[in-house]
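Everything on this sheet refers to the single structure shown next.
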Amino acid sequence: MKTIDFNGWKNSVLLQGGGLEAVITADVGPRIARYGFEGQRNLFAEIEGQQGGSGEDEWMIRGGHRLWLSPERQPMTYELDNSPIEVEEIPGGVRTLQPAGELSGVAKTMEITLAPDSGRLDIVHVLTNRGGKPIELAPWALTVMAPGGTSFVPLPPKIAHTERLTHNQQWSIWGYTDFTDPRWTLGSRYIIFRQDAERGPTKLGIANREGWAAYLLDGFLFVKLYSHDDGATYPDGGVSYETYSQQDFLEMESLGGLVTLEPGKAVSHRESWAAFRGLPACDTEEQIEEHVLPLVRPLLQ
């Protein structure tokens with residue numbers, strides 16, 4: 001492990017491989033504060049005024065990647081993560097450990113490994129019930145992307161109406177979401193969702209059985225991969241992927257299935273990340289098929 005100062009967090013761990021790097025801070029969290037190419041911009045948001053701090057008496061979004069409990073509820077979801085955590089070395093990476101919170105009784109762990117050749121990053125998110133009562137929850141992995149980009153969420157292939165009589169999609173729409181908002185393009189093959197510094201909150205959830213989503217920013221492409229389980233019961237109306245945006249960032253959020261977690265038991269949820277560079281702008285489904293999909297397909301195999 002190499003310890004560095006990242007944005008004022010002096011106890012941050014740097015992982016490097018395949019020309020990519022990740023920074024995990026031990027001063028707050030668990031949180032991955034950076035992912036991107038060496039010497040290039042951070043693909044994650046760095047919220048102004050919230051970098052380098054700790055010990056605040058209110059929850060801070062800060063930017064980067066975090067682990068939450070779903071479904072969202074006050075005050076449990078916003079349990080503070082503003083204190084130092086333990087970071088230990090494991091083969092190929094690190095494990096972060098946040099003790100159980102006073103509100104939830106749940107401890108949070110992320111096992112983070114970076115492939116030395118490709119820079120692909122794998123995260124196993126683990127929630128452990130250290131309390132005295134069962135708790136219903138789902139692991140919720142949220143990545144806060146830097147502003148100015150466009151995300152792509154794949155839709156299932158179209159089928160003839162005679163092939164299946166029941167629905168094959170689940171969407172959840174929040175009360176503040178308006179599809180006349182120009183940030184949204186609901187296509188035949190993809191949902192295209194643009195971050196806009198002039199527009200406030202909007203959110204959508206989908207049972208994303210394709211298992212990936214991507215974010216294109218200044219020629220850099222970030223890809224998030226996870227597994228959707230048709231046998232699981234997902235929160236928020238049955239969705240395994242959610243995306244939210246406001247003026248400062250866009251979030252890419254994958255979820256595990258809902259479980260009733262007994263005391264002493266744990267549940268895990270895995271994500272993988274990859275990044276590419278040199279892509280042109282992709283404003284149409286045809287451009288996504290031409291430039292993005294060929295990079296994603298090998299990751300799914």
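Residues are named by chain letter and number: chains run A, B, ... in the order of the structure tokens, numbers start at 1 in each chain, and ligands are numbered from 1 in the order shown.
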**Q.** Shell of 12 Å around A:Tyr78, only C-alpha atoms, local chain residues under 5 positions omitted, as a PyMOL selection string
**A.** chain A and resi 57-61+66-73+101-104
Using only C-alpha atoms, please write the residues we just selected to a file, as a tab-separated table (two decimals), in the first residue's frame.
```
chain	number	residue	atom	x	y	z
A	57	ASP	CA	-21.89	16.52	12.82
A	58	GLU	CA	-23.91	16.11	9.62
A	59	TRP	CA	-23.58	13.66	6.75
A	60	MET	CA	-21.49	14.82	3.76
A	61	ILE	CA	-21.84	13.47	0.23
A	66	ARG	CA	-19.78	4.86	-0.92
A	67	LEU	CA	-21.81	2.01	0.59
A	68	TRP	CA	-25.31	2.61	1.96
A	69	LEU	CA	-28.31	0.67	3.24
A	70	SER	CA	-31.43	0.55	1.07
A	71	PRO	CA	-34.29	1.38	1.15
A	72	GLU	CA	-33.54	5.03	1.83
A	73	ARG	CA	-34.87	6.23	5.18
A	101	GLY	CA	-23.20	2.53	13.46
A	102	GLU	CA	-25.20	3.45	16.54
A	103	LEU	CA	-28.40	3.89	14.53
A	104	SER	CA	-28.29	0.81	12.32
```
Q: Please provide the set of residues having any atom within 7 Å of stretch 219-233 of chain A, restricted to only C-alpha atoms, with same-chain residues fewer than 4 positions apart removed, written as a list in words.
A: Asn208, Arg209, Gly211, Trp212, Ala213, Ala214, Tyr215, Gly238, Ser240, Gly257, Leu258, Arg270, Glu271, Ser272, Trp273, Ala274, Ala275, Phe276, Arg277, Gly278, Leu279, Pro280 and Ala281 of chain A
Any chance you could export the current selection's C-alpha atoms as a CSV table (one decimal), in the first residue's frame?
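As written to disk, again-v9.csv reads:
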```csv
chain,number,residue,atom,x,y,z
A,208,ASN,CA,-31.3,-3.5,-15.1
A,209,ARG,CA,-31.0,-7.1,-16.2
A,211,GLY,CA,-25.9,-5.7,-15.7
A,212,TRP,CA,-24.1,-2.6,-16.7
A,213,ALA,CA,-24.2,1.2,-17.1
A,214,ALA,CA,-21.7,3.7,-18.4
A,215,TYR,CA,-20.8,7.4,-18.0
A,238,GLY,CA,-38.1,-4.1,-7.7
A,240,SER,CA,-31.5,-3.1,-9.2
A,257,GLY,CA,-31.5,-7.9,-3.2
A,258,LEU,CA,-33.5,-7.3,0.0
A,270,ARG,CA,-20.2,-7.1,-6.0
A,271,GLU,CA,-19.4,-4.5,-8.6
A,272,SER,CA,-16.7,-4.2,-11.2
A,273,TRP,CA,-15.4,-1.0,-12.8
A,274,ALA,CA,-13.5,-0.4,-16.0
A,275,ALA,CA,-12.4,2.8,-17.8
A,276,PHE,CA,-11.5,3.8,-21.3
A,277,ARG,CA,-10.4,7.0,-23.0
A,278,GLY,CA,-10.4,8.6,-26.4
A,279,LEU,CA,-14.1,8.2,-27.1
A,280,PRO,CA,-16.1,10.7,-29.1
A,281,ALA,CA,-19.4,12.3,-27.8
```
Q. What residues in stretch 27-190 of chain A get the DSSP label strand (DSSP E)? Please answer as a PyMOL selection string.
A. chain A and resi 31-37+64-70+86-90+93-98+106-114+121-129+135-145+150-154+171-173+184-186+190
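With distances taken over only C-alpha atoms, A:Glu136 is the one residue among A:Asp27, A:Glu88, A:Asp117, A:Glu136 lying closest to A:Pro235.
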Q.
Could you check the closest approach to A:Leu121 for each of A:Gln247, A:Asn11, A:Gln16, A:Ser268 and tell me which residue wins, using only C-alpha atoms?
A. A:Gln16
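Minimum distance to A:Asn129 across A:Thr260, A:Thr284, A:Asn7, A:Thr166 (counting only C-alpha atoms) occurs at A:Thr260.
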**Q.** Who sits within 8 Å of stretch 147-152 of chain A, only C-alpha atoms, same chain under 2 positions skipped, as a PyMOL selection string
**A.** chain A and resi 45+145+154+190-197+213-218+247-250
Okay, now the selection with N, CA and C atoms, as a PDB file, in the first residue's frame?
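Generated output (part-v9.pdb):
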```pdb
ATOM      1  N   ALA A  45     -16.902  12.887  -8.711  1.00  0.00           N
ATOM      2  CA  ALA A  45     -17.097  14.254  -8.243  1.00  0.00           C
ATOM      3  C   ALA A  45     -16.246  14.516  -7.000  1.00  0.00           C
ATOM      4  N   MET A 145     -20.541  10.662  -9.831  1.00  0.00           N
ATOM      5  CA  MET A 145     -19.727  11.005 -10.982  1.00  0.00           C
ATOM      6  C   MET A 145     -19.531  12.519 -11.099  1.00  0.00           C
ATOM      7  N   PRO A 154     -28.613   0.416 -20.488  1.00  0.00           N
ATOM      8  CA  PRO A 154     -29.190  -0.428 -21.523  1.00  0.00           C
ATOM      9  C   PRO A 154     -30.591  -0.905 -21.163  1.00  0.00           C
ATOM     10  N   TYR A 190     -31.632   2.216 -25.214  1.00  0.00           N
ATOM     11  CA  TYR A 190     -30.906   2.808 -24.089  1.00  0.00           C
ATOM     12  C   TYR A 190     -31.699   3.958 -23.492  1.00  0.00           C
ATOM     13  N   ILE A 191     -31.475   4.173 -22.207  1.00  0.00           N
ATOM     14  CA  ILE A 191     -31.826   5.420 -21.562  1.00  0.00           C
ATOM     15  C   ILE A 191     -30.570   6.288 -21.576  1.00  0.00           C
ATOM     16  N   ILE A 192     -30.672   7.480 -22.121  1.00  0.00           N
ATOM     17  CA  ILE A 192     -29.564   8.427 -22.120  1.00  0.00           C
ATOM     18  C   ILE A 192     -29.909   9.520 -21.104  1.00  0.00           C
ATOM     19  N   PHE A 193     -28.993   9.754 -20.177  1.00  0.00           N
ATOM     20  CA  PHE A 193     -29.255  10.646 -19.043  1.00  0.00           C
ATOM     21  C   PHE A 193     -28.073  11.598 -18.889  1.00  0.00           C
ATOM     22  N   ARG A 194     -28.324  12.881 -19.057  1.00  0.00           N
ATOM     23  CA  ARG A 194     -27.263  13.887 -19.074  1.00  0.00           C
ATOM     24  C   ARG A 194     -27.222  14.660 -17.759  1.00  0.00           C
ATOM     25  N   GLN A 195     -26.022  14.893 -17.256  1.00  0.00           N
ATOM     26  CA  GLN A 195     -25.862  15.780 -16.107  1.00  0.00           C
ATOM     27  C   GLN A 195     -25.867  17.220 -16.600  1.00  0.00           C
ATOM     28  N   ASP A 196     -26.564  18.109 -15.865  1.00  0.00           N
ATOM     29  CA  ASP A 196     -26.711  19.504 -16.266  1.00  0.00           C
ATOM     30  C   ASP A 196     -26.572  20.379 -15.026  1.00  0.00           C
ATOM     31  N   ALA A 197     -25.580  21.272 -15.041  1.00  0.00           N
ATOM     32  CA  ALA A 197     -25.302  22.128 -13.882  1.00  0.00           C
ATOM     33  C   ALA A 197     -26.410  23.129 -13.607  1.00  0.00           C
ATOM     34  N   ALA A 213     -23.910  -0.200 -16.740  1.00  0.00           N
ATOM     35  CA  ALA A 213     -24.236   1.165 -17.117  1.00  0.00           C
ATOM     36  C   ALA A 213     -22.915   1.888 -17.318  1.00  0.00           C
ATOM     37  N   ALA A 214     -22.942   3.000 -18.042  1.00  0.00           N
ATOM     38  CA  ALA A 214     -21.700   3.700 -18.363  1.00  0.00           C
ATOM     39  C   ALA A 214     -21.908   5.205 -18.270  1.00  0.00           C
ATOM     40  N   TYR A 215     -20.794   5.921 -18.126  1.00  0.00           N
ATOM     41  CA  TYR A 215     -20.809   7.378 -18.019  1.00  0.00           C
ATOM     42  C   TYR A 215     -19.668   7.914 -18.877  1.00  0.00           C
ATOM     43  N   LEU A 216     -19.995   8.798 -19.804  1.00  0.00           N
ATOM     44  CA  LEU A 216     -19.016   9.370 -20.725  1.00  0.00           C
ATOM     45  C   LEU A 216     -18.775  10.823 -20.356  1.00  0.00           C
ATOM     46  N   LEU A 217     -17.505  11.157 -20.111  1.00  0.00           N
ATOM     47  CA  LEU A 217     -17.138  12.484 -19.633  1.00  0.00           C
ATOM     48  C   LEU A 217     -15.823  12.903 -20.277  1.00  0.00           C
ATOM     49  N   ASP A 218     -15.879  13.925 -21.123  1.00  0.00           N
ATOM     50  CA  ASP A 218     -14.663  14.487 -21.738  1.00  0.00           C
ATOM     51  C   ASP A 218     -13.814  13.421 -22.417  1.00  0.00           C
ATOM     52  N   GLN A 247     -27.459  19.518  -9.692  1.00  0.00           N
ATOM     53  CA  GLN A 247     -26.559  20.487 -10.304  1.00  0.00           C
ATOM     54  C   GLN A 247     -25.083  20.085 -10.225  1.00  0.00           C
ATOM     55  N   ASP A 248     -24.684  19.327  -9.214  1.00  0.00           N
ATOM     56  CA  ASP A 248     -23.261  19.119  -8.948  1.00  0.00           C
ATOM     57  C   ASP A 248     -22.715  17.769  -9.385  1.00  0.00           C
ATOM     58  N   PHE A 249     -23.571  16.811  -9.715  1.00  0.00           N
ATOM     59  CA  PHE A 249     -23.068  15.468  -9.987  1.00  0.00           C
ATOM     60  C   PHE A 249     -24.177  14.613 -10.585  1.00  0.00           C
ATOM     61  N   LEU A 250     -23.806  13.403 -10.973  1.00  0.00           N
ATOM     62  CA  LEU A 250     -24.742  12.350 -11.368  1.00  0.00           C
ATOM     63  C   LEU A 250     -24.327  11.077 -10.656  1.00  0.00           C
TER      64      LEU A 250
END
```
Q: Do a neighbour search on A:Gly64 at 9 Å with only C-alpha atoms, toss out local chain neighbours closer than 6 positions, and write the hits as an MDAnalysis selection string.
A: chainID A and resid 31:35 43:46 142:146
Q.
Please list as a VMD selection string every residue within 7 Å of stretch 170-177 of chain A, counting only C-alpha atoms and excluding residues in the same chain fewer than 3 positions away.
A. chain A and resid 202 to 207 236 to 239
N, CA and C atoms of the current selection, written as a compact mmCIF listing (two decimals), in the first residue's frame:
```txt
# COMPACT_ATOMS: atom_id res chain seq x y z
N THR A 202 -33.46 14.84 -10.17
CA THR A 202 -34.29 13.93 -10.95
C THR A 202 -33.73 12.52 -10.78
N LYS A 203 -34.61 11.50 -10.81
CA LYS A 203 -34.16 10.15 -10.49
C LYS A 203 -35.03 9.12 -11.18
N LEU A 204 -34.40 7.98 -11.51
CA LEU A 204 -35.09 6.85 -12.13
C LEU A 204 -34.48 5.56 -11.61
N GLY A 205 -35.32 4.55 -11.37
CA GLY A 205 -34.85 3.22 -11.04
C GLY A 205 -35.33 2.23 -12.09
N ILE A 206 -34.52 1.19 -12.34
CA ILE A 206 -34.87 0.19 -13.34
C ILE A 206 -34.30 -1.16 -12.92
N ALA A 207 -35.03 -2.22 -13.21
CA ALA A 207 -34.49 -3.56 -13.02
C ALA A 207 -33.55 -3.84 -14.19
N ASP A 236 -37.40 -0.50 -3.60
CA ASP A 236 -37.89 0.61 -4.43
C ASP A 236 -38.70 0.14 -5.63
N GLY A 237 -39.57 -0.85 -5.40
CA GLY A 237 -40.42 -1.33 -6.49
C GLY A 237 -39.78 -2.36 -7.38
N GLY A 238 -38.69 -2.99 -6.93
CA GLY A 238 -38.09 -4.09 -7.69
C GLY A 238 -37.00 -3.67 -8.65
N VAL A 239 -36.24 -2.61 -8.31
CA VAL A 239 -35.21 -2.12 -9.23
C VAL A 239 -33.82 -2.43 -8.67
```
Q: Quick one: everything within 12 Å of A:Trp9, counting only C-alpha atoms, minus sequence neighbours fewer than 6 positions away in the same chain. Send it as a PyMOL selection string.
A: chain A and resi 3+23-29+31-33+50-54+62+82-84
Please, could you write that set of residues out with N, CA and C atoms as a compact mmCIF listing (two decimals), in the first residue's frame?
```txt
# COMPACT_ATOMS: atom_id res chain seq x y z
N THR A 3 0.64 5.27 0.88
CA THR A 3 -0.18 6.27 1.52
C THR A 3 0.13 7.64 0.93
N VAL A 23 -8.06 5.83 -5.35
CA VAL A 23 -7.65 6.37 -4.07
C VAL A 23 -8.76 6.08 -3.06
N ILE A 24 -8.37 5.45 -1.96
CA ILE A 24 -9.31 5.11 -0.89
C ILE A 24 -8.87 5.87 0.36
N THR A 25 -9.72 6.72 0.88
CA THR A 25 -9.34 7.47 2.07
C THR A 25 -9.68 6.71 3.34
N ALA A 26 -8.76 6.79 4.31
CA ALA A 26 -8.99 6.18 5.61
C ALA A 26 -9.45 7.21 6.64
N ASP A 27 -9.49 8.47 6.27
CA ASP A 27 -9.86 9.53 7.21
C ASP A 27 -11.36 9.65 7.40
N VAL A 28 -12.13 9.19 6.41
CA VAL A 28 -13.59 9.10 6.49
C VAL A 28 -14.00 7.89 5.67
N GLY A 29 -15.27 7.52 5.78
CA GLY A 29 -15.70 6.46 4.88
C GLY A 29 -16.42 5.31 5.56
N ARG A 31 -14.96 4.99 1.70
CA ARG A 31 -15.16 5.79 0.50
C ARG A 31 -13.97 5.66 -0.44
N ILE A 32 -14.28 5.42 -1.73
CA ILE A 32 -13.27 5.50 -2.79
C ILE A 32 -13.38 6.90 -3.37
N ALA A 33 -12.36 7.71 -3.17
CA ALA A 33 -12.44 9.12 -3.52
C ALA A 33 -12.06 9.41 -4.97
N GLN A 50 -16.20 20.15 0.75
CA GLN A 50 -16.36 18.91 1.50
C GLN A 50 -15.15 17.99 1.37
N GLN A 51 -14.06 18.51 0.81
CA GLN A 51 -12.86 17.71 0.64
C GLN A 51 -11.92 17.90 1.83
N GLY A 52 -11.29 16.81 2.26
CA GLY A 52 -10.26 16.89 3.28
C GLY A 52 -10.77 16.99 4.70
N GLY A 53 -12.07 17.08 4.90
CA GLY A 53 -12.62 17.25 6.24
C GLY A 53 -12.98 15.94 6.90
N SER A 54 -13.27 16.02 8.18
CA SER A 54 -13.77 14.88 8.93
C SER A 54 -14.37 15.39 10.23
N ARG A 62 -19.68 14.48 -0.30
CA ARG A 62 -18.27 14.58 -0.65
C ARG A 62 -17.96 14.24 -2.11
N ASN A 82 -18.18 10.13 8.85
CA ASN A 82 -17.22 11.23 8.85
C ASN A 82 -16.03 10.99 9.77
N SER A 83 -15.85 9.74 10.20
CA SER A 83 -14.76 9.39 11.13
C SER A 83 -13.76 8.48 10.45
N PRO A 84 -12.54 8.41 10.99
CA PRO A 84 -11.53 7.51 10.43
C PRO A 84 -11.98 6.05 10.48
```
Q.
For the helix (DSSP H, G or I) assignment from backbone DSSP, which residues of stretch 115-259 of chain A qualify? Please present them as a VMD selection string.
A. chain A and resid 235 to 238
Just N, CA and C atoms for this one: save the residues we selected as a JSON list (two decimals), in the first residue's frame.
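This is the output file result19.json:
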```json
[["chain", "number", "residue", "atom", "x", "y", "z"],
["A", 235, "PRO", "N", -35.39, -3.57, -3.69],
["A", 235, "PRO", "CA", -36.12, -2.46, -3.06],
["A", 235, "PRO", "C", -36.67, -1.49, -4.09],
["A", 236, "ASP", "N", -37.40, -0.50, -3.60],
["A", 236, "ASP", "CA", -37.89, 0.61, -4.43],
["A", 236, "ASP", "C", -38.70, 0.14, -5.63],
["A", 237, "GLY", "N", -39.57, -0.85, -5.40],
["A", 237, "GLY", "CA", -40.42, -1.33, -6.49],
["A", 237, "GLY", "C", -39.78, -2.36, -7.38],
["A", 238, "GLY", "N", -38.69, -2.99, -6.93],
["A", 238, "GLY", "CA", -38.09, -4.09, -7.69],
["A", 238, "GLY", "C", -37.00, -3.67, -8.65]]
```
